[in-house]
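Asks: Sending over start_8.cif (mmCIF, C-alpha atoms).
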```cif
data_coords
#
loop_
_atom_site.label_atom_id
_atom_site.label_comp_id
_atom_site.auth_asym_id
_atom_site.auth_seq_id
_atom_site.Cartn_x
_atom_site.Cartn_y
_atom_site.Cartn_z
CA MET A 1268 -37.72 -40.19 197.20
CA SER A 1269 -36.68 -36.66 196.22
CA THR A 1270 -34.93 -34.43 198.75
CA LEU A 1271 -37.08 -31.60 200.06
CA LYS A 1272 -35.60 -28.12 199.69
CA ALA A 1273 -36.58 -24.58 200.65
CA VAL A 1274 -39.24 -23.14 198.32
CA ARG A 1275 -37.93 -21.01 195.46
CA GLY A 1276 -37.51 -17.41 196.59
CA THR A 1277 -36.94 -18.40 200.23
CA ARG A 1278 -33.80 -19.55 202.03
CA ASP A 1279 -32.43 -20.54 205.40
CA LEU A 1280 -30.34 -18.11 207.44
CA LEU A 1281 -27.58 -20.01 209.22
CA PRO A 1282 -24.83 -19.30 211.73
CA PRO A 1283 -22.44 -17.53 211.61
CA GLU A 1284 -24.30 -15.19 209.20
CA THR A 1285 -27.20 -14.85 211.64
CA ALA A 1286 -24.79 -13.16 214.07
CA LEU A 1287 -24.55 -10.28 211.58
CA TRP A 1288 -28.35 -10.15 211.29
CA ASN A 1289 -28.62 -9.97 215.07
CA ARG A 1290 -26.03 -7.18 215.22
CA VAL A 1291 -27.91 -5.15 212.59
CA GLU A 1292 -31.22 -5.60 214.42
CA ALA A 1293 -29.69 -4.77 217.79
CA THR A 1294 -28.16 -1.60 216.33
CA ALA A 1295 -31.50 -0.61 214.81
CA ARG A 1296 -33.30 -1.18 218.12
CA ALA A 1297 -30.72 0.91 219.97
CA VAL A 1298 -30.90 3.79 217.49
CA PHE A 1299 -34.71 3.77 217.38
CA ALA A 1300 -34.86 3.80 221.19
CA ARG A 1301 -32.74 6.96 221.27
CA TYR A 1302 -35.37 8.64 219.09
CA GLY A 1303 -38.28 7.54 221.28
CA PHE A 1304 -39.64 4.65 219.18
CA GLY A 1305 -41.36 1.60 220.67
CA GLU A 1306 -41.75 -1.81 219.02
CA ILE A 1307 -45.02 -3.01 217.46
CA ARG A 1308 -45.66 -6.57 216.28
CA THR A 1309 -48.57 -7.15 213.92
CA PRO A 1310 -49.84 -10.45 212.41
CA VAL A 1311 -48.06 -11.79 209.34
CA PHE A 1312 -51.42 -12.17 207.58
CA GLU A 1313 -54.31 -9.74 207.35
CA ASP A 1314 -57.68 -9.30 205.68
CA THR A 1315 -56.95 -8.92 201.95
CA GLN A 1316 -58.99 -5.71 201.79
CA LEU A 1317 -56.46 -4.00 204.06
CA PHE A 1318 -53.91 -4.08 201.24
CA VAL A 1319 -56.38 -3.55 198.40
CA ARG A 1320 -57.66 -0.37 200.06
CA GLY A 1321 -54.41 0.76 201.62
CA VAL A 1322 -51.66 -0.15 199.15
CA GLY A 1323 -53.79 0.29 196.00
CA GLU A 1324 -55.56 -2.18 193.74
CA GLU A 1325 -53.61 -1.10 190.65
CA THR A 1326 -50.16 -1.37 192.23
CA ASP A 1327 -47.94 -4.27 191.18
CA VAL A 1328 -47.88 -5.43 194.82
CA VAL A 1329 -51.64 -6.00 194.94
CA SER A 1330 -52.28 -6.94 191.31
CA LYS A 1331 -49.35 -9.36 190.85
CA GLU A 1332 -47.37 -10.16 193.97
CA MET A 1333 -49.59 -10.97 196.96
CA TYR A 1334 -49.99 -14.43 198.50
CA THR A 1335 -53.77 -14.59 198.98
CA TRP A 1336 -56.06 -17.48 199.87
CA GLU A 1337 -59.64 -18.13 200.89
CA ASP A 1338 -59.80 -19.08 204.55
CA ARG A 1339 -62.72 -21.51 204.53
CA ALA A 1340 -65.37 -21.42 207.22
CA ARG A 1341 -65.02 -24.20 209.80
CA ALA A 1342 -68.55 -23.92 211.16
CA ALA A 1343 -71.97 -22.90 209.88
CA SER A 1344 -71.77 -19.74 211.98
CA GLU A 1345 -68.53 -18.61 210.33
CA LYS A 1346 -67.96 -16.92 206.99
CA ALA A 1347 -65.14 -17.55 204.58
CA GLN A 1348 -62.57 -14.77 204.49
CA SER A 1349 -59.91 -13.73 202.00
CA LEU A 1350 -56.54 -13.49 203.77
CA THR A 1351 -53.14 -12.30 202.55
CA LEU A 1352 -49.60 -12.70 203.82
CA ARG A 1353 -48.46 -9.15 204.45
CA PRO A 1354 -46.50 -7.75 201.47
CA GLU A 1355 -45.58 -4.66 203.51
CA ASN A 1356 -46.20 -3.53 207.07
CA THR A 1357 -47.33 0.11 207.03
CA ALA A 1358 -50.97 -0.78 206.33
CA GLY A 1359 -50.95 -3.27 209.20
CA VAL A 1360 -49.47 -0.74 211.61
CA VAL A 1361 -52.09 1.86 210.66
CA ARG A 1362 -54.84 -0.78 210.99
CA SER A 1363 -53.55 -1.51 214.50
CA TYR A 1364 -53.43 2.23 215.29
CA ILE A 1365 -57.11 2.52 214.32
CA GLU A 1366 -58.27 -0.71 215.97
CA HIS A 1367 -56.67 0.08 219.32
CA LYS A 1368 -57.75 3.76 219.24
CA MET A 1369 -54.17 4.91 219.73
CA GLY A 1370 -55.13 8.34 218.45
CA ASP A 1371 -57.40 8.87 221.47
CA THR A 1372 -54.30 9.50 223.59
CA GLY A 1373 -53.65 12.65 221.58
CA MET A 1374 -49.97 11.64 221.56
CA LEU A 1375 -47.61 11.20 218.63
CA GLN A 1376 -47.06 7.45 218.05
CA LYS A 1377 -43.51 6.43 217.10
CA LEU A 1378 -43.48 2.71 216.27
CA PHE A 1379 -40.92 0.34 214.75
CA TYR A 1380 -41.07 -3.26 213.57
CA ILE A 1381 -38.70 -6.01 212.44
CA GLY A 1382 -40.10 -9.02 210.62
CA PRO A 1383 -40.80 -10.99 207.43
CA GLN A 1384 -42.92 -9.80 204.50
CA PHE A 1385 -44.08 -11.82 201.48
CA ARG A 1386 -44.28 -10.98 197.77
CA ARG A 1387 -44.46 -13.32 194.82
CA GLU A 1388 -41.94 -11.51 192.65
CA ARG A 1389 -39.08 -12.78 190.52
CA PRO A 1390 -36.27 -13.77 192.88
CA GLN A 1391 -33.02 -11.89 192.27
CA ARG A 1392 -29.98 -10.76 194.21
CA GLY A 1393 -31.15 -9.35 197.52
CA ARG A 1394 -34.83 -9.86 196.70
CA TYR A 1395 -36.73 -12.88 197.97
CA ARG A 1396 -40.35 -13.98 198.19
CA GLN A 1397 -40.02 -14.09 201.94
CA PHE A 1398 -37.91 -11.12 202.91
CA TRP A 1399 -37.21 -9.18 206.09
CA GLN A 1400 -37.89 -5.54 206.74
CA ILE A 1401 -36.87 -3.14 209.47
CA GLY A 1402 -39.33 -0.28 209.46
CA ALA A 1403 -40.80 2.53 211.48
CA GLU A 1404 -43.91 4.72 211.41
CA VAL A 1405 -44.64 8.09 213.01
CA LEU A 1406 -48.34 9.01 213.12
CA GLY A 1407 -50.97 10.60 215.28
CA PRO A 1408 -53.75 13.18 215.33
CA GLN A 1409 -52.95 16.48 213.64
CA SER A 1410 -52.76 18.17 217.06
CA SER A 1411 -49.78 15.94 217.95
CA GLY A 1412 -47.60 17.53 215.27
CA ALA A 1413 -47.69 14.43 213.08
CA GLU A 1414 -48.08 16.54 209.94
CA SER A 1415 -45.05 18.71 210.66
CA ALA A 1416 -42.12 18.78 208.25
CA LEU A 1417 -39.96 18.35 211.35
CA ARG A 1418 -41.16 14.74 211.62
CA ASP A 1419 -40.05 14.03 208.03
CA ALA A 1420 -36.61 15.49 208.66
CA GLU A 1421 -36.23 13.68 211.99
CA VAL A 1422 -36.97 10.31 210.37
CA LEU A 1423 -34.44 10.99 207.61
CA GLU A 1424 -31.79 12.16 210.09
CA MET A 1425 -32.41 9.01 212.16
CA LEU A 1426 -31.89 6.84 209.08
CA ALA A 1427 -28.65 8.65 208.27
CA ALA A 1428 -27.51 8.04 211.85
CA LEU A 1429 -28.40 4.33 211.61
CA LEU A 1430 -26.46 3.82 208.37
CA ASP A 1431 -23.51 5.71 209.81
CA GLU A 1432 -23.58 3.57 212.96
CA LEU A 1433 -23.68 0.37 210.91
CA GLY A 1434 -20.52 1.52 209.14
CA ILE A 1435 -22.02 2.28 205.71
CA PRO A 1436 -20.23 5.43 204.51
CA ARG A 1437 -21.91 8.45 202.96
CA ALA A 1438 -21.24 8.84 199.23
CA SER A 1439 -18.37 11.23 198.61
CA GLU A 1440 -15.66 12.05 196.09
CA GLU A 1441 -13.14 10.31 198.35
CA ASN A 1442 -14.93 6.94 198.14
CA GLY A 1443 -15.93 7.30 194.51
CA GLY A 1444 -19.59 7.69 195.40
CA LYS A 1445 -19.72 4.14 196.83
CA GLY A 1446 -21.70 5.03 199.92
CA TRP A 1447 -25.29 5.84 200.74
CA ARG A 1448 -27.14 8.54 198.85
CA LEU A 1449 -30.50 10.04 199.80
CA ALA A 1450 -32.93 10.91 196.98
CA LEU A 1451 -35.81 13.20 197.92
CA ASN A 1452 -39.04 14.33 196.28
CA SER A 1453 -42.54 15.55 197.06
CA VAL A 1454 -45.52 13.88 195.40
CA GLY A 1455 -47.91 16.54 196.67
CA SER A 1456 -51.16 16.42 198.59
CA SER A 1457 -54.47 14.76 197.73
CA THR A 1458 -55.47 17.98 195.96
CA ASP A 1459 -52.19 18.34 194.03
CA ARG A 1460 -52.25 14.76 192.78
CA PRO A 1461 -55.38 14.89 190.56
CA ARG A 1462 -53.99 17.89 188.66
CA TYR A 1463 -50.69 16.17 188.08
CA ILE A 1464 -52.30 12.85 187.08
CA ALA A 1465 -54.50 14.67 184.57
CA ALA A 1466 -51.39 16.26 183.04
CA LEU A 1467 -49.67 12.85 182.91
CA ARG A 1468 -52.62 11.30 181.09
CA VAL A 1469 -52.46 14.01 178.44
CA ALA A 1470 -48.70 13.65 178.02
CA LEU A 1471 -48.86 9.82 177.88
CA GLU A 1472 -51.70 9.55 175.38
CA PRO A 1473 -49.60 10.02 172.20
CA VAL A 1474 -46.63 7.92 173.41
CA LYS A 1475 -48.02 5.11 175.58
CA ALA A 1476 -48.37 2.71 172.62
CA THR A 1477 -44.57 2.70 172.23
CA MET A 1478 -43.94 1.81 175.87
CA CYS A 1479 -43.79 -1.55 177.65
CA ALA A 1480 -46.99 -3.51 178.30
CA ASP A 1481 -47.04 -2.54 181.99
CA CYS A 1482 -46.73 1.16 181.17
CA GLN A 1483 -49.50 0.92 178.58
CA ARG A 1484 -51.77 -0.51 181.25
CA ARG A 1485 -50.64 1.94 183.92
CA ALA A 1486 -51.13 4.91 181.61
CA ASP A 1487 -54.86 4.16 181.75
CA THR A 1488 -55.29 2.78 185.27
CA ASN A 1489 -52.71 4.67 187.35
CA PRO A 1490 -50.41 7.02 185.37
CA LEU A 1491 -48.26 7.82 188.39
CA ARG A 1492 -46.93 4.26 188.34
CA VAL A 1493 -45.39 4.89 184.90
CA LEU A 1494 -42.69 6.89 186.66
CA ASP A 1495 -41.70 3.67 188.51
CA CYS A 1496 -40.88 1.88 185.25
CA LYS A 1497 -37.37 0.37 185.11
CA VAL A 1498 -37.44 -0.68 181.41
CA PRO A 1499 -34.42 1.08 179.80
CA GLU A 1500 -36.20 1.73 176.50
CA ASP A 1501 -38.95 3.69 178.28
CA GLN A 1502 -36.64 6.05 180.16
CA PRO A 1503 -36.24 8.68 177.38
CA ILE A 1504 -40.05 9.00 177.21
CA ILE A 1505 -40.37 9.21 181.00
CA GLU A 1506 -37.77 12.00 181.06
CA THR A 1507 -40.04 14.16 178.87
CA LEU A 1508 -43.10 13.78 181.12
CA PRO A 1509 -44.28 16.66 183.35
CA LYS A 1510 -42.63 16.95 186.77
CA ILE A 1511 -44.83 16.93 189.85
CA ALA A 1512 -42.96 19.89 191.38
CA GLU A 1513 -44.71 22.06 188.79
CA TYR A 1514 -48.12 21.07 190.22
CA LEU A 1515 -47.56 21.47 193.97
CA ASP A 1516 -49.79 23.99 195.73
CA GLU A 1517 -48.42 26.61 198.11
CA ALA A 1518 -48.82 24.44 201.23
CA SER A 1519 -47.06 21.43 199.72
CA THR A 1520 -44.25 23.61 198.37
CA ALA A 1521 -43.74 25.19 201.80
CA HIS A 1522 -43.81 21.77 203.53
CA PHE A 1523 -41.13 20.39 201.21
CA ALA A 1524 -38.99 23.51 201.66
CA ALA A 1525 -39.22 23.09 205.45
CA VAL A 1526 -38.09 19.45 205.20
CA ARG A 1527 -35.03 20.48 203.17
CA GLU A 1528 -34.21 23.34 205.53
CA ALA A 1529 -34.20 21.00 208.54
CA LEU A 1530 -32.05 18.44 206.73
CA ASP A 1531 -29.57 21.17 205.78
CA ALA A 1532 -29.43 22.24 209.43
CA CYS A 1533 -28.63 18.65 210.48
CA GLY A 1534 -26.01 18.15 207.79
CA VAL A 1535 -27.88 15.36 206.02
CA ALA A 1536 -26.98 15.50 202.32
CA TYR A 1537 -29.63 14.73 199.69
CA VAL A 1538 -30.35 15.07 195.99
CA LEU A 1539 -33.70 16.08 194.53
CA GLU A 1540 -35.21 13.35 192.35
CA PRO A 1541 -38.37 14.59 190.59
CA ARG A 1542 -39.29 11.10 189.29
CA LEU A 1543 -39.29 9.45 192.72
CA VAL A 1544 -42.88 8.46 193.52
CA ARG A 1545 -42.35 5.07 195.24
CA GLY A 1546 -44.52 2.08 194.40
CA LEU A 1547 -47.51 2.38 196.72
CA ASP A 1548 -50.62 4.52 196.35
CA TYR A 1549 -50.80 5.86 199.89
CA TYR A 1550 -47.77 8.18 199.68
CA THR A 1551 -48.29 11.96 199.90
CA ARG A 1552 -45.87 14.85 199.98
CA THR A 1553 -42.38 13.70 201.05
CA THR A 1554 -41.04 10.54 199.43
CA PHE A 1555 -37.48 9.32 199.75
CA GLU A 1556 -35.10 6.53 198.91
CA PHE A 1557 -31.62 5.63 200.14
CA THR A 1558 -29.46 3.92 197.53
CA VAL A 1559 -25.97 2.49 197.79
CA ALA A 1560 -23.55 1.83 194.92
CA LEU A 1561 -22.01 -1.31 196.39
CA GLY A 1562 -23.16 -4.89 196.76
CA LEU A 1563 -26.64 -4.66 195.23
CA GLY A 1564 -26.00 -4.51 191.48
CA THR A 1565 -28.22 -2.35 189.30
CA GLN A 1566 -31.18 -2.56 191.70
CA ASN A 1567 -29.43 -0.42 194.30
CA ALA A 1568 -32.31 0.75 196.52
CA LEU A 1569 -31.48 0.03 200.15
CA LEU A 1570 -34.53 1.54 201.85
CA GLY A 1571 -37.34 3.96 201.16
CA GLY A 1572 -40.52 5.48 202.42
CA GLY A 1573 -42.56 8.62 202.64
CA ARG A 1574 -45.47 10.49 204.09
CA TYR A 1575 -49.02 9.00 204.01
CA ASP A 1576 -51.34 11.64 205.42
CA GLY A 1577 -54.58 10.06 204.16
CA LEU A 1578 -53.98 6.36 204.80
CA SER A 1579 -55.85 6.18 208.10
CA GLU A 1580 -58.97 7.68 206.49
CA MET A 1581 -58.64 5.25 203.54
CA LEU A 1582 -58.84 2.40 206.07
CA GLY A 1583 -61.87 3.82 207.85
CA GLY A 1584 -60.01 5.51 210.71
CA PRO A 1585 -59.66 9.08 211.98
CA ARG A 1586 -57.35 11.60 210.41
CA ALA A 1587 -53.80 10.61 211.37
CA PRO A 1588 -51.00 12.14 209.27
CA GLY A 1589 -47.94 9.93 209.20
CA ILE A 1590 -44.56 9.15 207.72
CA GLY A 1591 -42.61 5.91 207.65
CA PHE A 1592 -39.99 3.78 205.95
CA ALA A 1593 -38.92 0.20 205.39
CA ILE A 1594 -35.38 -1.11 205.13
CA GLY A 1595 -34.82 -4.26 203.09
CA GLU A 1596 -32.80 -6.13 205.70
CA ASP A 1597 -31.67 -8.78 203.19
CA ARG A 1598 -30.21 -6.02 201.00
CA LEU A 1599 -28.71 -4.22 203.98
CA ILE A 1600 -26.83 -7.41 204.94
CA LEU A 1601 -25.52 -7.78 201.36
CA THR A 1602 -24.24 -4.21 201.49
CA LEU A 1603 -22.43 -4.79 204.78
CA GLN A 1604 -20.88 -8.01 203.46
CA ALA A 1605 -19.71 -6.21 200.29
CA LEU A 1606 -18.15 -3.45 202.40
CA ALA A 1607 -16.39 -6.08 204.52
CA GLU A 1608 -15.04 -7.85 201.41
CA ALA A 1609 -13.75 -4.49 200.13
CA GLY A 1610 -12.00 -3.90 203.43
CA SER A 1611 -14.08 -0.82 204.22
CA ILE A 1612 -15.55 -2.21 207.44
CA ALA A 1613 -14.86 -5.14 209.75
CA ILE A 1614 -17.63 -7.59 210.54
CA ASP A 1615 -17.13 -8.88 214.06
CA GLU A 1616 -17.09 -12.67 214.14
CA SER A 1617 -16.41 -13.05 217.84
CA LYS A 1618 -15.28 -16.42 219.08
CA LEU A 1619 -16.47 -18.07 222.27
CA ASP A 1620 -14.57 -17.36 225.47
CA ALA A 1621 -13.64 -20.99 226.05
CA TYR A 1622 -13.83 -24.55 224.80
CA ILE A 1623 -13.70 -27.14 227.60
CA ALA A 1624 -11.96 -30.35 226.58
CA PRO A 1625 -12.52 -33.29 228.99
CA MET A 1626 -9.70 -35.81 228.79
CA GLY A 1627 -11.65 -39.07 228.81
CA ALA A 1628 -15.32 -39.91 229.21
CA GLY A 1629 -14.90 -39.98 232.99
CA GLN A 1630 -14.43 -36.19 232.98
CA ASN A 1631 -17.54 -35.40 230.89
CA ALA A 1632 -19.78 -34.71 233.89
CA ALA A 1633 -17.17 -32.47 235.52
CA ALA A 1634 -16.71 -30.60 232.22
CA LEU A 1635 -20.44 -29.93 231.96
CA ALA A 1636 -20.59 -28.75 235.58
CA LEU A 1637 -17.67 -26.36 234.93
CA ALA A 1638 -19.36 -25.06 231.79
CA LYS A 1639 -22.53 -24.41 233.77
CA GLU A 1640 -20.58 -22.41 236.34
CA LEU A 1641 -18.76 -20.33 233.70
CA ARG A 1642 -21.92 -19.68 231.67
CA ALA A 1643 -23.72 -18.51 234.80
CA SER A 1644 -20.99 -15.89 235.21
CA GLY A 1645 -21.69 -14.57 231.71
CA LEU A 1646 -18.98 -16.35 229.71
CA THR A 1647 -19.64 -18.08 226.37
CA VAL A 1648 -18.56 -21.71 226.50
CA GLU A 1649 -18.65 -24.87 224.40
CA VAL A 1650 -18.07 -28.35 225.84
CA GLY A 1651 -16.26 -31.14 223.99
CA ASP A 1652 -16.50 -34.84 224.63
CA GLY A 1653 -14.13 -37.12 226.46
CA SER A 1654 -14.11 -39.55 223.53
CA PHE A 1655 -12.31 -36.98 221.34
CA ARG A 1656 -8.58 -37.29 220.81
CA LEU A 1657 -6.59 -34.32 222.16
CA LYS A 1658 -5.65 -33.24 218.61
CA LYS A 1659 -9.31 -33.13 217.58
CA SER A 1660 -10.23 -31.14 220.69
CA PHE A 1661 -7.53 -28.57 219.90
CA GLU A 1662 -8.66 -28.28 216.27
CA LEU A 1663 -12.30 -27.74 217.27
CA ALA A 1664 -11.37 -25.33 220.04
CA ASP A 1665 -9.21 -23.23 217.70
CA LYS A 1666 -12.15 -22.81 215.32
CA LEU A 1667 -14.70 -21.94 217.99
CA ALA A 1668 -13.01 -20.25 220.92
CA ARG A 1669 -10.21 -17.96 222.07
CA ARG A 1670 -8.98 -20.46 224.65
CA ILE A 1671 -9.10 -24.16 225.40
CA VAL A 1672 -9.61 -25.41 228.96
CA ILE A 1673 -8.15 -28.90 229.42
CA LEU A 1674 -9.82 -30.96 232.11
CA GLY A 1675 -8.05 -34.22 232.96
CA GLU A 1676 -8.16 -36.47 236.03
CA ASP A 1677 -5.50 -34.38 237.77
CA GLU A 1678 -7.33 -31.09 237.13
CA VAL A 1679 -10.59 -32.54 238.46
CA ALA A 1680 -8.90 -33.97 241.57
CA THR A 1681 -7.03 -30.74 242.41
CA ALA A 1682 -9.76 -28.26 241.40
CA THR A 1683 -7.46 -26.72 238.78
CA ALA A 1684 -7.61 -26.15 235.03
CA THR A 1685 -5.05 -26.05 232.23
CA VAL A 1686 -5.71 -23.19 229.81
CA LYS A 1687 -4.12 -22.39 226.46
CA THR A 1688 -4.63 -19.03 224.73
CA PHE A 1689 -4.54 -19.52 220.95
CA SER A 1690 -3.52 -15.97 220.01
CA THR A 1691 -0.33 -16.10 222.10
CA GLY A 1692 0.32 -19.83 222.46
CA GLU A 1693 0.67 -19.36 226.22
CA GLN A 1694 -0.43 -22.29 228.39
CA VAL A 1695 -0.95 -22.05 232.15
CA LYS A 1696 -2.31 -24.18 234.97
CA LEU A 1697 -4.32 -22.29 237.58
CA GLU A 1698 -6.77 -22.75 240.42
CA ARG A 1699 -10.43 -23.07 239.44
CA GLY A 1700 -11.34 -19.88 241.32
CA SER A 1701 -9.12 -17.79 239.03
CA LEU A 1702 -10.40 -19.34 235.80
CA SER A 1703 -13.27 -16.97 235.00
CA ASP A 1704 -11.06 -13.90 235.45
CA LEU A 1705 -8.50 -15.29 232.99
CA LEU A 1706 -11.18 -16.17 230.43
CA ARG A 1707 -12.56 -12.60 230.59
CA SER A 1708 -9.15 -11.03 229.88
#
```
Could you take the file, read its structure, and then write that structure out as structure tokens?

Replies:
Amino acid sequence: MSTLKAVRGTRDLLPPETALWNRVEATARAVFARYGFGEIRTPVFEDTQLFVRGVGEETDVVSKEMYTWEDRARAASEKAQSLTLRPENTAGVVRSYIEHKMGDTGMLQKLFYIGPQFRRERPQRGRYRQFWQIGAEVLGPQSSGAESALRDAEVLEMLAALLDELGIPRASEENGGKGWRLALNSVGSSTDRPRYIAALRVALEPVKATMCADCQRRADTNPLRVLDCKVPEDQPIIETLPKIAEYLDEASTAHFAAVREALDACGVAYVLEPRLVRGLDYYTRTTFEFTVALGLGTQNALLGGGRYDGLSEMLGGPRAPGIGFAIGEDRLILTLQALAEAGSIAIDESKLDAYIAPMGAGQNAAALALAKELRASGLTVEVGDGSFRLKKSFELADKLARRIVILGEDEVATATATVKTFSTGEQVKLERGSLSDLLRS
């Protein structure tokens, strides 16, 4: 019988690595809370039409990468329904905003999420078919200020603060550019876009036959996606195409200028990237991407997002301008690990406070009772087994904990404990009442 393994493109996350994942998520939650965000949890599968209408039928996500199935009716009164594992979470958050009439409060909604997404793409370093995202969305009725350039700048400043707090440096001459870099662009409004797409079609017509198969298809179905192409041979052609900045109307130009002005005021560095359109159809105006030149290879995007002022209407809801982002948590972890290997940051791999070693099976019950008492006081404790030899107990304790607590017949009878601190080699015998204070020190 063959051994069962995790499906290709998925993997198990195991201790101690999961401690780093928990630290990243706890840091994100703490930073988001400071900016007034609350957590939202949406289903991991949705009606397929949510992504077809919201993400875009001609995007690679919808046309190639979604996990979709027909959910068969279980009774004569039910209808079959096409369902899809969520490939991204913005559409689901906006669907929830509409369904629960969150706009009726008149308040700006600031929501974050942490959870798995699913895309059937070619697995590569930092990219999996089940992958984790940390994301946030800011949306609400126009009267709430959701359309303001201030919201765009605040989200970007928050992301800069999060990366700083995680220990990822900003790119600079001192570190050889091996830190985070923010690329910024505006893809215009729903009225700017048709003019630009028309110009792209004209420019692509004489050259599309020389481009990759995907670009040939996109040139007809969705020319904006051509700018997303990563095929090296197509880049010289893409560089000659019209730039969207030349097609922005006065309102979009002013909005983008206001975003940059606010970022300058906050000291958040950025570079303008006229080809940055992102891969989903719902983006309008501000789009952005944070890249990092360490740990991710040539595909160096760490996170990205943008404004989506018309998405709520596309999904049948009220007008609700919004902006959001998604961080590839898998890729963020790789970046932190690469920084740790380079000696740029330290990843805390804290040991337990104590390992209790009962000397003989007769002390097992007393060891467990002591562990219960210490854990109740907030200490982290592991319990050995009385059948272990003393040498084995010391070896295990040294791997797991800062101190070993030896519990023999004498210690149990006299309500004492023998404690050795591994970092100093010091060994003491003390009364049980003083034990927790020592273990905290």

Asks: For a test of reading the model, state the distance in Å between CA of Thr1691 in chain A and CA of Leu1674 in chain A, rounded to one decimal.

Replies: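 Going from CA of Thr1691 in chain A over to CA of Leu1674 in chain A covers 20.3 Å.
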
Asks: Which residue is closest to Leu1637 in chain A? Choose from A:Arg1699, A:Lys1475, A:Lys1272, A:Arg1468 and count only C-alpha atoms.

Replies: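 The answer is A:Arg1699, which sits nearest to Leu1637 in chain A.
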
Asks: Given only C-alpha atoms as the basis, pick out the residue of A:Arg1362, A:Arg1492, A:Arg1462, A:Arg1552 nearest to Gly1323 in chain A.

Replies: A:Arg1492

Asks: So how far away is CA of Gly1675 in chain A from CA of Leu1641 in chain A, in Å?

Replies: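 Interatomic distance, CA of Leu1641 in chain A to CA of Gly1675 in chain A: 17.6 Å.
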
Asks: Run the PyMOL selection byres ((chain A and resi 1631) around 10) against the file shown and list the residues it catches, as an MDAnalysis selection string.

Replies: chainID A and resid 1623:1630 1632:1637 1650:1654 1674:1675

Asks: Can those selected residues be exported to a file as a PDB file, keeping the file's coordinate frame so that it contains C-alpha atoms?

Replies:
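Result saved to out-v7.pdb:
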```pdb
ATOM      1  CA  ILE A1623     -13.700 -27.140 227.600  1.00  0.00           C
ATOM      2  CA  ALA A1624     -11.960 -30.350 226.580  1.00  0.00           C
ATOM      3  CA  PRO A1625     -12.520 -33.290 228.990  1.00  0.00           C
ATOM      4  CA  MET A1626      -9.700 -35.810 228.790  1.00  0.00           C
ATOM      5  CA  GLY A1627     -11.650 -39.070 228.810  1.00  0.00           C
ATOM      6  CA  ALA A1628     -15.320 -39.910 229.210  1.00  0.00           C
ATOM      7  CA  GLY A1629     -14.900 -39.980 232.990  1.00  0.00           C
ATOM      8  CA  GLN A1630     -14.430 -36.190 232.980  1.00  0.00           C
ATOM      9  CA  ALA A1632     -19.780 -34.710 233.890  1.00  0.00           C
ATOM     10  CA  ALA A1633     -17.170 -32.470 235.520  1.00  0.00           C
ATOM     11  CA  ALA A1634     -16.710 -30.600 232.220  1.00  0.00           C
ATOM     12  CA  LEU A1635     -20.440 -29.930 231.960  1.00  0.00           C
ATOM     13  CA  ALA A1636     -20.590 -28.750 235.580  1.00  0.00           C
ATOM     14  CA  LEU A1637     -17.670 -26.360 234.930  1.00  0.00           C
ATOM     15  CA  VAL A1650     -18.070 -28.350 225.840  1.00  0.00           C
ATOM     16  CA  GLY A1651     -16.260 -31.140 223.990  1.00  0.00           C
ATOM     17  CA  ASP A1652     -16.500 -34.840 224.630  1.00  0.00           C
ATOM     18  CA  GLY A1653     -14.130 -37.120 226.460  1.00  0.00           C
ATOM     19  CA  SER A1654     -14.110 -39.550 223.530  1.00  0.00           C
ATOM     20  CA  LEU A1674      -9.820 -30.960 232.110  1.00  0.00           C
ATOM     21  CA  GLY A1675      -8.050 -34.220 232.960  1.00  0.00           C
TER      22      GLY A1675
END
```

Asks: Once the PyMOL selection byres ((chain A and resi 1663-1673) around 7) has been evaluated on this model, what residues remain selected, and can you format them as number ranges by chain?

Replies: A: 1618-1625, 1659-1662, 1674-1675, 1684-1689

Asks: Closest to Leu1570 in chain A among A:Thr1553, A:Asn1356, A:Gln1409, A:Thr1558, using only C-alpha atoms?

Replies: A:Thr1558

Asks: Here's the selection I'm unsure about, the PyMOL selection byres ((chain A and resi 1353) around 10); applied to the file above, which residues does it give, as a list in words?

Replies: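 Residues picked by the PyMOL selection byres ((chain A and resi 1353) around 10): Thr1309, Pro1310, Val1311, Phe1312, Glu1313, Asp1314, Thr1315, Leu1317, Phe1318, Met1333, Tyr1334, Thr1335, Leu1350, Thr1351, Leu1352, Pro1354, Glu1355, Asn1356, Thr1357, Ala1358, Gly1359, Pro1383, Gln1384, Phe1385 and Arg1386 of chain A.
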
Asks: Looking at A:Lys1510, A:Lys1696, A:Arg1542, A:Lys1497, which one is nearest to Ala1470 in chain A, with distances taken over only C-alpha atoms?

Replies: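 Residue with the minimum atom-to-atom distance to Ala1470 in chain A: A:Lys1510.
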
Asks: As a list of chain:residue names, please: the residues near Arg1485 in chain A (cut-off 10 Å, only C-alpha atoms, same-chain neighbours under 3 positions excluded).

Replies: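 Once the adjacent positions are removed, what remains is A:Glu1325, A:Thr1326, A:Asp1327, A:Arg1468, A:Lys1475, A:Cys1479, A:Ala1480, A:Asp1481, A:Cys1482, A:Thr1488, A:Asn1489, A:Pro1490, A:Leu1491, A:Arg1492, A:Val1493, A:Leu1494, A:Cys1496.
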
Asks: Find the residues near Tyr1364 in chain A: any atom within 9 Å, counting all atoms listed in the file, skip ones fewer than 6 places away on the same chain, and give them as a PyMOL selection string.

Replies: chain A and resi 1370+1376+1406-1407+1579+1584

Asks: One decimal, Å: what's the distance from CA of Gly1303 in chain A over to CA of Asp1431 in chain A, could you say?

Replies: 18.8 Å

Asks: Name the closest residue to Leu1599 in chain A among the candidates A:Leu1375, A:Ile1614, A:Val1538, A:Ala1568; distances are taken between atoms, counting only C-alpha atoms.

Replies: A:Ala1568
